[in-house]
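> One structure coming up, written as structure tokens, with questions to follow.
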Amino acid sequence: MAEKLDDAAAKILMLMSHRGFIWGPSPEIYNPVKGSYEFGPLGKLMKTNLENYMRKKFRKYQFWEVQCPLIGSDMIWKASGHAERFYDFIIQCTNPKCQRVHRVDTLLESLGYNLTSFSADDFQKIIKEDKILCPDCQGELGSVTTQNLMVTSQLGFPASEFILRPETATTTYLLFPRLIQFFRTKMPIFVFQMGYAFRNEISPRKMLLRTREFEQCEGQIFITPEQEMNFELFNQAAQEKLPLWSAKQQIAGDENIKYYSLQEALDQKILQKPAYAWLLFFAYDIVKGLDIPLENIRLRQHKDDEKAHYAHDAWDLEINSKIYGWTEVCGIHDRGDYDLGRHFKYSKKKQLKVPSQNKGEKIIPHILEIAFGLGRLFFFCLEQAFTFEEERNVLDLPIQITPIPFAVFPLMKKPEELSKIAMEIYKQLIDNDLGAIYDETGSIGKRYRRTEEVGVRYAFTIDHQTLDDDTLTIRNIEDMSQKRIHQSDIIPIASKLLRGTITYEEIEDLSQKD
RNA sequence: GCGUCAUUUGUAUAGCGGUUAGUAUGCUGGCUUCCCAAGCCAGCGACCCGGGUUCAAUUCCCGGAUGACGCUCCA
């Protein structure tokens, strides 16, 4: 990771805010809340496009979308295990010059204590009786308190405490009794949810990469153990290759990332389950489709000590950020029967079980999860797309997610007819759900420069010839080349370009004809 | 929370105990039948906040806020 931001990184961050993608921390005119950001006009357009891209990917494999409440009772989070996991015992050094905060469990463990489920009082006793001092300054330690890593709120009269969800996944699991009915008791079940989650991060930083409120896009597969080993989608993708960096390699210090087909990964026991292997492919496929350079994508397996409380196997899809280095953008987790098992134990609802292969026996379904941070994904798409050429800054985003794919310009303000025609074309594009801007300010060259910096892929320019023969130019962001097309072809051409059913190269250039 | 460094217009910067606070870029309007940040004319826009020292503070001192990076922390 870079110690100081280099010029390109600083420029990218400047353009992100200057051009209206990301603002904050918010609110800028009062004392901002750390780790909270606004999406400006272009950022919001792009995020909406990115969300729709994700929807399309999930729908393609017949995942169904649901939406659950952000606020929930503490019961949910006790059952899920987050209450245990998200409360840390902390202690602060009383030396006014030090005042460092320590996590009690890691502090004691580092001193050789073997800990199993201690309470705050137990910890306090140990610290007092064994005269444990601050490891940094040998100062006296204060009293043990808890640090809640979940965000809470008050509801009702009189008010009682509720929790803002720290992940969307658990709220999806609570739907299982309903989902199993909706899917007519047929497993596996594919669902996903996009929405906000909240965490009381100790130190929010790095723009959208570590925030206290953030959006997730999480897909869940409810599945039986047999189906995990015999998974239809796997067969279609068995030869697809993935850049895998196993835990074993990491421990051995081997940083050489190799590509394995899904089949090879199973054969070599890097992965255990076809269904889980397919999910890794799915995550990779989604990111690849966003034009992230392949050398900047890898799948990294969690080592045993990194795994979450629920995970049997866990891999992160990481992207090599131009600004912040390798960072997780998606976690793929084999959660086994942990979640529904816990909810069965706490709620005692029989509907959380399904019939097994063996007659008369019921089992807890397993869950495979793919969890994207939408803000992170957004950030990576944006930063990876900035390219600085000698003469121009280009935001080279894929047309599906770029905030504004098309622009319409009159070559100049006079004669007025040029503006009139251009404005009409602009309105037609909007009417046809084709994102566009209209601009007549400044010279034509300046408008091209300004728009390619925010990812406008194609510009339609109305010139004097338009008045004679109803043709106009279409300009390509990539090489700045232009072709003449007929005015009546704009909508069909723009639609096809947006859907990717034609390329710019395939457009017929009328100026070549005579 | 702690430490280091920083804060002058939208952006990037210059500068000074008394300045009409400079420059570049940007933006606005106008001119130029003008296709790649052209030119010309006119205009817009800033010293983070509070206190102190001083005849006088954007400049010096103290405090605060905020930011970047590091530590801590981190499904």
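The chains in the structure tokens are called A, B, ... from first to last as shown; in each chain the residues are counted from 1, and the ligands are counted from 1 in the order shown.
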May I ask you to extract the residues of chain B within 7 Å of chain A, using only C-alpha atoms (C1' of nucleotides), and to give them as a compact mmCIF listing (two decimals) with all heavy atoms, in the first residue's frame?


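Dumped to iface-v3.txt:
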# COMPACT_ATOMS: atom_id res chain seq x y z
P G B 1 -12.63 11.45 20.69
OP1 G B 1 -13.83 10.81 21.12
OP2 G B 1 -12.31 12.83 20.60
O5' G B 1 -11.45 10.71 21.46
C5' G B 1 -10.65 9.99 20.63
C4' G B 1 -9.70 9.22 21.47
O4' G B 1 -9.88 7.83 21.13
C3' G B 1 -8.24 9.55 21.15
O3' G B 1 -7.74 10.51 22.06
C2' G B 1 -7.55 8.21 21.28
O2' G B 1 -7.22 7.91 22.61
C1' G B 1 -8.65 7.25 20.82
N9 G B 1 -8.64 7.01 19.36
C8 G B 1 -9.64 7.36 18.48
N7 G B 1 -9.38 7.02 17.25
C5 G B 1 -8.13 6.40 17.32
C6 G B 1 -7.34 5.83 16.30
O6 G B 1 -7.61 5.75 15.10
N1 G B 1 -6.16 5.33 16.81
C2 G B 1 -5.77 5.37 18.12
N2 G B 1 -4.60 4.83 18.42
N3 G B 1 -6.50 5.90 19.08
C4 G B 1 -7.66 6.40 18.62
P C B 2 -6.79 11.70 21.58
OP1 C B 2 -6.60 12.63 22.70
OP2 C B 2 -7.33 12.17 20.30
O5' C B 2 -5.41 10.96 21.32
C5' C B 2 -4.69 10.38 22.41
C4' C B 2 -3.50 9.63 21.90
O4' C B 2 -3.96 8.47 21.14
C3' C B 2 -2.63 10.39 20.88
O3' C B 2 -1.74 11.28 21.52
C2' C B 2 -1.93 9.25 20.17
O2' C B 2 -0.90 8.70 20.96
C1' C B 2 -3.06 8.22 20.06
N1 C B 2 -3.80 8.37 18.79
C2 C B 2 -3.23 7.84 17.62
O2 C B 2 -2.12 7.28 17.70
N3 C B 2 -3.89 7.96 16.45
C4 C B 2 -5.07 8.57 16.41
N4 C B 2 -5.69 8.65 15.24
C5 C B 2 -5.67 9.11 17.58
C6 C B 2 -5.01 9.00 18.74
P C B 35 -14.73 23.37 -37.22
OP1 C B 35 -13.37 23.20 -37.77
OP2 C B 35 -15.90 23.35 -38.14
O5' C B 35 -14.97 22.29 -36.09
C5' C B 35 -14.37 22.47 -34.81
C4' C B 35 -13.97 21.11 -34.29
O4' C B 35 -15.18 20.33 -34.08
C3' C B 35 -13.09 20.32 -35.25
O3' C B 35 -12.11 19.61 -34.50
C2' C B 35 -14.05 19.35 -35.91
O2' C B 35 -13.43 18.13 -36.24
C1' C B 35 -15.09 19.11 -34.80
N1 C B 35 -16.42 18.79 -35.31
C2 C B 35 -17.00 17.58 -34.91
O2 C B 35 -16.39 16.83 -34.14
N3 C B 35 -18.22 17.26 -35.38
C4 C B 35 -18.86 18.09 -36.20
N4 C B 35 -20.06 17.73 -36.63
C5 C B 35 -18.28 19.33 -36.63
C6 C B 35 -17.07 19.63 -36.16
P C B 36 -10.61 20.14 -34.48
OP1 C B 36 -10.61 21.57 -34.80
OP2 C B 36 -9.84 19.18 -35.27
O5' C B 36 -10.18 19.98 -32.97
C5' C B 36 -10.69 20.84 -31.95
C4' C B 36 -10.78 20.05 -30.67
O4' C B 36 -11.78 19.01 -30.82
C3' C B 36 -9.48 19.36 -30.30
O3' C B 36 -9.32 19.42 -28.89
C2' C B 36 -9.74 17.91 -30.70
O2' C B 36 -9.00 17.00 -29.92
C1' C B 36 -11.23 17.79 -30.40
N1 C B 36 -11.88 16.70 -31.13
C2 C B 36 -12.22 15.56 -30.42
O2 C B 36 -11.96 15.50 -29.22
N3 C B 36 -12.83 14.55 -31.06
C4 C B 36 -13.10 14.65 -32.36
N4 C B 36 -13.71 13.63 -32.95
C5 C B 36 -12.76 15.80 -33.11
C6 C B 36 -12.15 16.81 -32.46
P A B 37 -8.57 20.76 -28.26
OP1 A B 37 -8.19 21.67 -29.35
OP2 A B 37 -7.53 20.29 -27.30
O5' A B 37 -9.80 21.43 -27.55
C5' A B 37 -10.37 20.93 -26.37
C4' A B 37 -10.49 22.05 -25.38
O4' A B 37 -10.62 21.47 -24.09
C3' A B 37 -9.25 22.96 -25.30
O3' A B 37 -9.66 24.21 -24.82
C2' A B 37 -8.41 22.25 -24.26
O2' A B 37 -7.53 23.10 -23.56
C1' A B 37 -9.48 21.76 -23.31
N9 A B 37 -9.18 20.55 -22.56
C8 A B 37 -8.25 19.57 -22.79
N7 A B 37 -8.26 18.63 -21.89
C5 A B 37 -9.26 19.01 -21.01
C6 A B 37 -9.78 18.44 -19.86
N6 A B 37 -9.34 17.31 -19.35
N1 A B 37 -10.77 19.08 -19.22
C2 A B 37 -11.23 20.22 -19.74
N3 A B 37 -10.84 20.86 -20.83
C4 A B 37 -9.83 20.19 -21.42
P C B 69 -5.35 7.94 3.62
OP1 C B 69 -5.45 7.06 2.45
OP2 C B 69 -6.40 7.92 4.65
O5' C B 69 -3.95 7.72 4.34
C5' C B 69 -2.75 7.65 3.57
C4' C B 69 -1.56 7.71 4.48
O4' C B 69 -1.59 8.95 5.23
C3' C B 69 -1.53 6.66 5.59
O3' C B 69 -1.09 5.40 5.13
C2' C B 69 -0.57 7.30 6.58
O2' C B 69 0.76 7.21 6.13
C1' C B 69 -1.03 8.76 6.51
N1 C B 69 -2.06 9.03 7.53
C2 C B 69 -1.64 9.35 8.83
O2 C B 69 -0.42 9.41 9.06
N3 C B 69 -2.56 9.59 9.79
C4 C B 69 -3.86 9.51 9.50
N4 C B 69 -4.73 9.73 10.48
C5 C B 69 -4.32 9.17 8.20
C6 C B 69 -3.40 8.94 7.24
P C B 73 -5.33 -4.38 17.73
OP1 C B 73 -5.50 -5.33 18.84
OP2 C B 73 -4.43 -4.71 16.61
O5' C B 73 -6.76 -4.06 17.11
C5' C B 73 -7.87 -3.80 17.96
C4' C B 73 -9.01 -3.28 17.15
O4' C B 73 -8.59 -2.12 16.40
C3' C B 73 -9.53 -4.22 16.06
O3' C B 73 -10.40 -5.19 16.59
C2' C B 73 -10.24 -3.25 15.13
O2' C B 73 -11.49 -2.86 15.66
C1' C B 73 -9.29 -2.06 15.17
N1 C B 73 -8.31 -2.12 14.06
C2 C B 73 -8.69 -1.60 12.82
O2 C B 73 -9.83 -1.12 12.71
N3 C B 73 -7.82 -1.64 11.79
C4 C B 73 -6.61 -2.17 11.95
N4 C B 73 -5.80 -2.19 10.91
C5 C B 73 -6.20 -2.72 13.20
C6 C B 73 -7.07 -2.67 14.23
P A B 75 -13.55 -9.07 12.20
OP1 A B 75 -14.28 -9.41 13.45
OP2 A B 75 -12.14 -9.43 12.10
O5' A B 75 -14.35 -9.72 10.99
C5' A B 75 -15.66 -10.11 11.20
C4' A B 75 -15.97 -11.26 10.31
O4' A B 75 -17.39 -11.31 10.13
C3' A B 75 -15.39 -11.16 8.90
O3' A B 75 -15.06 -12.46 8.43
C2' A B 75 -16.54 -10.60 8.11
O2' A B 75 -16.47 -10.93 6.76
C1' A B 75 -17.71 -11.29 8.77
N9 A B 75 -18.95 -10.60 8.59
C8 A B 75 -19.88 -10.20 9.51
N7 A B 75 -20.93 -9.61 9.01
C5 A B 75 -20.69 -9.63 7.66
C6 A B 75 -21.44 -9.16 6.57
N6 A B 75 -22.60 -8.56 6.70
N1 A B 75 -20.94 -9.36 5.33
C2 A B 75 -19.76 -9.98 5.23
N3 A B 75 -18.97 -10.45 6.18
C4 A B 75 -19.50 -10.25 7.38

> In segment 11-52 of chain A, what's helix (DSSP H, G or I) per DSSP? Answer as a PyMOL selection string?

chain A and resi 11-18+41-52

> Near segment 57-59 of chain B, within 12 Å and counting only C-alpha atoms (C1' of nucleotides), which residues show up once chain neighbours fewer than 2 positions away are dropped, as a ChimeraX atom specification?

/B:8,15-19,21,46-48,52-54,61

> With N, CA, C and O atoms (P, O5', C5', C4', C3', O3' and C1' of nucleotides) retained, could you export that selection as a short mmCIF file (atom, residue, chain, number, x, y, z; two decimals), in the first residue's frame?


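out-v7.cif, freshly written:
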data_model
loop_
_atom_site.label_atom_id
_atom_site.label_comp_id
_atom_site.auth_asym_id
_atom_site.auth_seq_id
_atom_site.Cartn_x
_atom_site.Cartn_y
_atom_site.Cartn_z
P U B 8 -6.27 25.39 1.65
"O5'" U B 8 -6.04 26.96 1.77
"C5'" U B 8 -7.05 27.78 2.35
"C4'" U B 8 -6.98 29.16 1.78
"C3'" U B 8 -7.18 29.26 0.27
"O3'" U B 8 -8.54 29.17 -0.11
"C1'" U B 8 -5.33 30.55 0.87
P G B 15 5.77 31.10 -1.73
"O5'" G B 15 5.25 32.53 -1.27
"C5'" G B 15 5.75 33.70 -1.89
"C4'" G B 15 4.94 34.89 -1.48
"C3'" G B 15 4.88 35.13 0.02
"O3'" G B 15 6.03 35.81 0.46
"C1'" G B 15 2.70 35.30 -0.89
P C B 16 6.65 35.46 1.93
"O5'" C B 16 6.25 36.71 2.77
"C5'" C B 16 6.48 38.03 2.28
"C4'" C B 16 5.44 38.94 2.86
"C3'" C B 16 5.23 38.80 4.35
"O3'" C B 16 6.20 39.48 5.10
"C1'" C B 16 3.13 38.84 3.26
P G B 17 6.40 39.04 6.65
"O5'" G B 17 4.94 39.24 7.25
"C5'" G B 17 4.74 39.62 8.58
"C4'" G B 17 3.52 40.52 8.69
"C3'" G B 17 3.83 41.99 8.48
"O3'" G B 17 2.68 42.67 7.99
"C1'" G B 17 2.88 41.66 10.58
P G B 18 2.53 42.94 6.47
"O5'" G B 18 1.39 44.04 6.46
"C5'" G B 18 0.02 43.65 6.48
"C4'" G B 18 -0.86 44.88 6.42
"C3'" G B 18 -0.70 45.73 5.16
"O3'" G B 18 -1.92 46.46 5.01
"C1'" G B 18 0.04 46.97 6.98
P U B 19 -2.93 46.23 3.89
"O5'" U B 19 -2.24 45.76 2.54
"C5'" U B 19 -1.10 46.45 1.99
"C4'" U B 19 -0.86 45.88 0.62
"C3'" U B 19 -2.08 45.87 -0.29
"O3'" U B 19 -2.14 47.07 -1.02
"C1'" U B 19 -0.99 43.73 -0.34
P A B 21 -6.33 43.06 -1.22
"O5'" A B 21 -5.77 42.08 -2.36
"C5'" A B 21 -4.41 42.15 -2.76
"C4'" A B 21 -3.80 40.78 -2.75
"C3'" A B 21 -4.46 39.75 -3.67
"O3'" A B 21 -4.04 39.92 -5.01
"C1'" A B 21 -4.05 38.77 -1.58
P A B 46 -14.78 35.13 -2.56
"O5'" A B 46 -13.64 34.19 -2.03
"C5'" A B 46 -13.96 32.97 -1.34
"C4'" A B 46 -12.71 32.36 -0.82
"C3'" A B 46 -11.98 33.17 0.26
"O3'" A B 46 -12.55 32.93 1.53
"C1'" A B 46 -10.44 32.39 -1.37
P C B 47 -12.41 33.99 2.67
"O5'" C B 47 -10.84 34.02 2.97
"C5'" C B 47 -10.32 33.38 4.12
"C4'" C B 47 -9.11 32.59 3.74
"C3'" C B 47 -8.27 32.10 4.91
"O3'" C B 47 -7.82 30.78 4.61
"C1'" C B 47 -6.94 33.44 3.49
P C B 48 -7.61 29.77 5.89
"O5'" C B 48 -9.06 29.51 6.51
"C5'" C B 48 -10.12 29.00 5.70
"C4'" C B 48 -11.12 28.30 6.58
"C3'" C B 48 -11.36 28.97 7.92
"O3'" C B 48 -12.33 29.99 7.82
"C1'" C B 48 -10.98 26.65 8.24
P G B 52 -9.34 37.73 22.89
"O5'" G B 52 -7.80 37.34 23.03
"C5'" G B 52 -7.26 36.96 24.29
"C4'" G B 52 -5.82 36.59 24.15
"C3'" G B 52 -4.88 37.71 23.70
"O3'" G B 52 -4.51 38.54 24.78
"C1'" G B 52 -4.40 35.75 22.47
P U B 53 -4.17 40.06 24.55
"O5'" U B 53 -2.79 39.96 23.78
"C5'" U B 53 -1.62 39.51 24.46
"C4'" U B 53 -0.43 39.54 23.52
"C3'" U B 53 -0.23 40.86 22.78
"O3'" U B 53 0.45 41.82 23.57
"C1'" U B 53 -0.06 39.06 21.25
P U B 54 -0.16 43.30 23.72
"O5'" U B 54 0.08 43.87 22.26
"C5'" U B 54 1.39 43.96 21.71
"C4'" U B 54 1.32 44.33 20.26
"C3'" U B 54 0.44 45.53 19.95
"O3'" U B 54 1.11 46.75 20.19
"C1'" U B 54 -0.03 43.78 18.43
P C B 61 3.81 30.27 15.33
"O5'" C B 61 3.24 30.61 16.77
"C5'" C B 61 4.11 30.78 17.89
"C4'" C B 61 3.29 30.99 19.14
"C3'" C B 61 2.23 29.92 19.39
"O3'" C B 61 2.78 28.78 20.02
"C1'" C B 61 1.25 32.06 19.64
#

> Quick one: residues within 10 Å of Pro365 of chain A, only C-alpha atoms (C1' of nucleotides), excluding same-chain residues fewer than 6 positions away - as a CSV table (one decimal) with all heavy atoms, in the first residue's frame?


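The new file result.csv reads:
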chain,number,residue,atom,x,y,z
A,176,PHE,N,-36.8,-17.8,5.7
A,176,PHE,CA,-36.8,-19.2,5.2
A,176,PHE,C,-38.2,-19.9,5.2
A,176,PHE,O,-38.5,-20.4,4.1
A,176,PHE,CB,-35.7,-20.0,5.8
A,176,PHE,CG,-35.6,-21.4,5.2
A,176,PHE,CD1,-35.0,-21.5,4.0
A,176,PHE,CD2,-36.2,-22.5,5.8
A,176,PHE,CE1,-34.9,-22.8,3.3
A,176,PHE,CE2,-36.2,-23.7,5.2
A,176,PHE,CZ,-35.5,-23.9,3.9
A,187,MET,N,-35.9,-27.3,-3.3
A,187,MET,CA,-34.5,-26.8,-3.0
A,187,MET,C,-33.7,-27.1,-4.2
A,187,MET,O,-34.0,-28.1,-4.9
A,187,MET,CB,-33.9,-27.5,-1.8
A,187,MET,CG,-34.7,-27.2,-0.5
A,187,MET,SD,-34.1,-25.9,0.4
A,187,MET,CE,-32.7,-26.7,1.2
A,188,PRO,N,-32.6,-26.4,-4.5
A,188,PRO,CA,-32.1,-25.3,-3.8
A,188,PRO,C,-32.9,-24.0,-4.0
A,188,PRO,O,-33.5,-23.9,-5.1
A,188,PRO,CB,-30.6,-25.1,-4.3
A,188,PRO,CG,-30.6,-25.7,-5.6
A,188,PRO,CD,-31.7,-26.8,-5.6
A,221,ILE,N,-27.8,-19.1,-1.3
A,221,ILE,CA,-28.4,-20.4,-1.8
A,221,ILE,C,-28.7,-21.3,-0.6
A,221,ILE,O,-27.8,-21.6,0.1
A,221,ILE,CB,-27.4,-21.1,-2.8
A,221,ILE,CG1,-27.0,-20.1,-3.9
A,221,ILE,CG2,-28.0,-22.4,-3.3
A,221,ILE,CD1,-25.9,-20.7,-4.8
A,222,PHE,N,-29.9,-21.6,-0.5
A,222,PHE,CA,-30.4,-22.6,0.6
A,222,PHE,C,-30.3,-23.9,-0.1
A,222,PHE,O,-30.9,-24.1,-1.2
A,222,PHE,CB,-31.8,-22.3,1.1
A,222,PHE,CG,-31.9,-21.0,1.7
A,222,PHE,CD1,-32.3,-19.8,1.0
A,222,PHE,CD2,-31.7,-20.8,3.1
A,222,PHE,CE1,-32.4,-18.6,1.6
A,222,PHE,CE2,-31.9,-19.6,3.7
A,222,PHE,CZ,-32.2,-18.5,3.0
A,223,ILE,N,-29.6,-24.9,0.4
A,223,ILE,CA,-29.3,-26.1,-0.3
A,223,ILE,C,-29.1,-27.3,0.6
A,223,ILE,O,-28.7,-27.1,1.8
A,223,ILE,CB,-28.0,-25.8,-1.1
A,223,ILE,CG1,-27.7,-26.8,-2.2
A,223,ILE,CG2,-26.8,-25.6,-0.2
A,223,ILE,CD1,-26.7,-26.4,-3.2
A,224,THR,N,-29.3,-28.5,0.1
A,224,THR,CA,-29.1,-29.6,0.9
A,224,THR,C,-27.7,-30.1,0.7
A,224,THR,O,-27.1,-29.8,-0.3
A,224,THR,CB,-30.1,-30.8,0.6
A,224,THR,OG1,-29.7,-31.2,-0.8
A,224,THR,CG2,-31.5,-30.3,0.6
A,225,PRO,N,-27.1,-30.9,1.7
A,225,PRO,CA,-25.7,-31.4,1.5
A,225,PRO,C,-25.6,-32.2,0.2
A,225,PRO,O,-24.5,-32.1,-0.4
A,225,PRO,CB,-25.6,-32.2,2.7
A,225,PRO,CG,-26.5,-31.7,3.7
A,225,PRO,CD,-27.7,-31.2,3.0
A,336,GLY,N,-22.6,-23.5,5.9
A,336,GLY,CA,-23.1,-24.8,6.4
A,336,GLY,C,-24.5,-24.6,6.9
A,336,GLY,O,-25.3,-23.9,6.4
A,337,ASP,N,-24.7,-25.4,8.0
A,337,ASP,CA,-26.1,-25.3,8.6
A,337,ASP,C,-26.1,-24.3,9.8
A,337,ASP,O,-27.0,-24.3,10.6
A,337,ASP,CB,-26.6,-26.6,9.0
A,337,ASP,CG,-25.8,-27.3,10.1
A,337,ASP,OD1,-24.8,-26.7,10.6
A,337,ASP,OD2,-26.1,-28.4,10.5
A,338,TYR,N,-25.0,-23.5,9.9
A,338,TYR,CA,-24.8,-22.7,11.1
A,338,TYR,C,-26.0,-21.8,11.3
A,338,TYR,O,-26.6,-21.8,12.4
A,338,TYR,CB,-23.6,-21.8,11.0
A,338,TYR,CG,-23.4,-20.8,12.1
A,338,TYR,CD1,-22.9,-21.2,13.3
A,338,TYR,CD2,-23.9,-19.5,12.0
A,338,TYR,CE1,-22.8,-20.3,14.3
A,338,TYR,CE2,-23.9,-18.6,13.0
A,338,TYR,CZ,-23.3,-19.0,14.2
A,338,TYR,OH,-23.2,-18.1,15.2
A,339,ASP,N,-26.4,-21.0,10.3
A,339,ASP,CA,-27.4,-20.0,10.5
A,339,ASP,C,-28.8,-20.6,10.8
A,339,ASP,O,-29.4,-20.2,11.8
A,339,ASP,CB,-27.5,-19.1,9.3
A,339,ASP,CG,-26.2,-18.4,9.0
A,339,ASP,OD1,-26.0,-17.4,9.7
A,339,ASP,OD2,-25.4,-18.9,8.2
A,340,LEU,N,-29.3,-21.4,10.0
A,340,LEU,CA,-30.6,-22.0,10.2
A,340,LEU,C,-30.6,-22.9,11.5
A,340,LEU,O,-31.6,-23.0,12.2
A,340,LEU,CB,-31.2,-22.7,9.0
A,340,LEU,CG,-31.5,-21.8,7.8
A,340,LEU,CD1,-32.1,-22.5,6.7
A,340,LEU,CD2,-32.3,-20.6,8.2
A,341,GLY,N,-29.5,-23.5,11.7
A,341,GLY,CA,-29.3,-24.2,13.0
A,341,GLY,C,-29.5,-23.4,14.2
A,341,GLY,O,-30.2,-23.7,15.1
A,352,LEU,N,-38.1,-24.4,9.9
A,352,LEU,CA,-36.7,-24.1,9.4
A,352,LEU,C,-36.0,-25.4,9.0
A,352,LEU,O,-34.9,-25.3,8.5
A,352,LEU,CB,-35.9,-23.5,10.6
A,352,LEU,CG,-36.4,-22.1,10.9
A,352,LEU,CD1,-35.8,-21.6,12.2
A,352,LEU,CD2,-36.1,-21.1,9.8
A,353,LYS,N,-36.7,-26.5,9.1
A,353,LYS,CA,-36.1,-27.8,8.6
A,353,LYS,C,-36.8,-28.2,7.4
A,353,LYS,O,-37.9,-27.9,7.1
A,353,LYS,CB,-36.2,-28.8,9.7
A,353,LYS,CG,-35.3,-28.7,10.9
A,353,LYS,CD,-35.4,-29.8,11.8
A,353,LYS,CE,-34.2,-30.0,12.7
A,353,LYS,NZ,-34.3,-31.2,13.6
A,354,VAL,N,-36.1,-29.1,6.6
A,354,VAL,CA,-36.7,-29.7,5.4
A,354,VAL,C,-36.4,-31.2,5.4
A,354,VAL,O,-35.5,-31.6,6.1
A,354,VAL,CB,-36.0,-29.1,4.1
A,354,VAL,CG1,-36.3,-27.6,4.0
A,354,VAL,CG2,-34.5,-29.3,4.1
A,355,PRO,N,-37.3,-31.9,4.7
A,355,PRO,CA,-37.1,-33.4,4.6
A,355,PRO,C,-35.8,-33.7,4.0
A,355,PRO,O,-35.3,-33.1,3.1
A,355,PRO,CB,-38.2,-33.9,3.7
A,355,PRO,CG,-39.2,-32.7,3.7
A,355,PRO,CD,-38.4,-31.5,3.9
A,356,SER,N,-35.1,-34.8,4.6
A,356,SER,CA,-33.8,-35.2,4.0
A,356,SER,C,-34.1,-36.3,3.0
A,356,SER,O,-35.3,-36.7,2.8
A,356,SER,CB,-32.9,-35.7,5.1
A,356,SER,OG,-33.1,-37.0,5.4

> Could you pull the residues within 10 Å of Phe460 of chain A, counting only C-alpha atoms (C1' of nucleotides), minus those fewer than 3 positions along the same chain, as a VMD selection string?

chain A and resid 406 to 411 422 425 to 426 438 463 472 to 476 482 to 485 487 490

> Would you mind telling me which residue in A:Gly375, A:Pro492, A:Gly325, A:Gly500 lies nearest to Met207 of chain A when using only C-alpha atoms?

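Among the listed residues, the smallest separation from Met207 of chain A belongs to A:Gly375.
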
> Find the residues around Lys269 of chain A up to 12 Å (only C-alpha atoms (C1' of nucleotides) counted), leave out those fewer than 5 positions away in its own chain, and share them as a list in words.

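Here the answer would be Ser246, Lys248, Tyr260, Leu262, Gln263, Glu264, Pro274 and Ala277 of chain A.
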
> As a PyMOL selection string, please: all residues of segment 5-212 of chain A that backbone DSSP puts in strand (DSSP E or B).

chain A and resi 22-23+38-39+64-66+71-72+87-93+101-103+133+140-141+145-148+151-155+160-164+189-198+205+210

> Record the distance separating atom CA of Thr170 of chain A and atom CA of Ser73 of chain A, expressed in Å with one decimal.

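Result for atom CA of Thr170 of chain A versus atom CA of Ser73 of chain A: 12.4 Å, one decimal.
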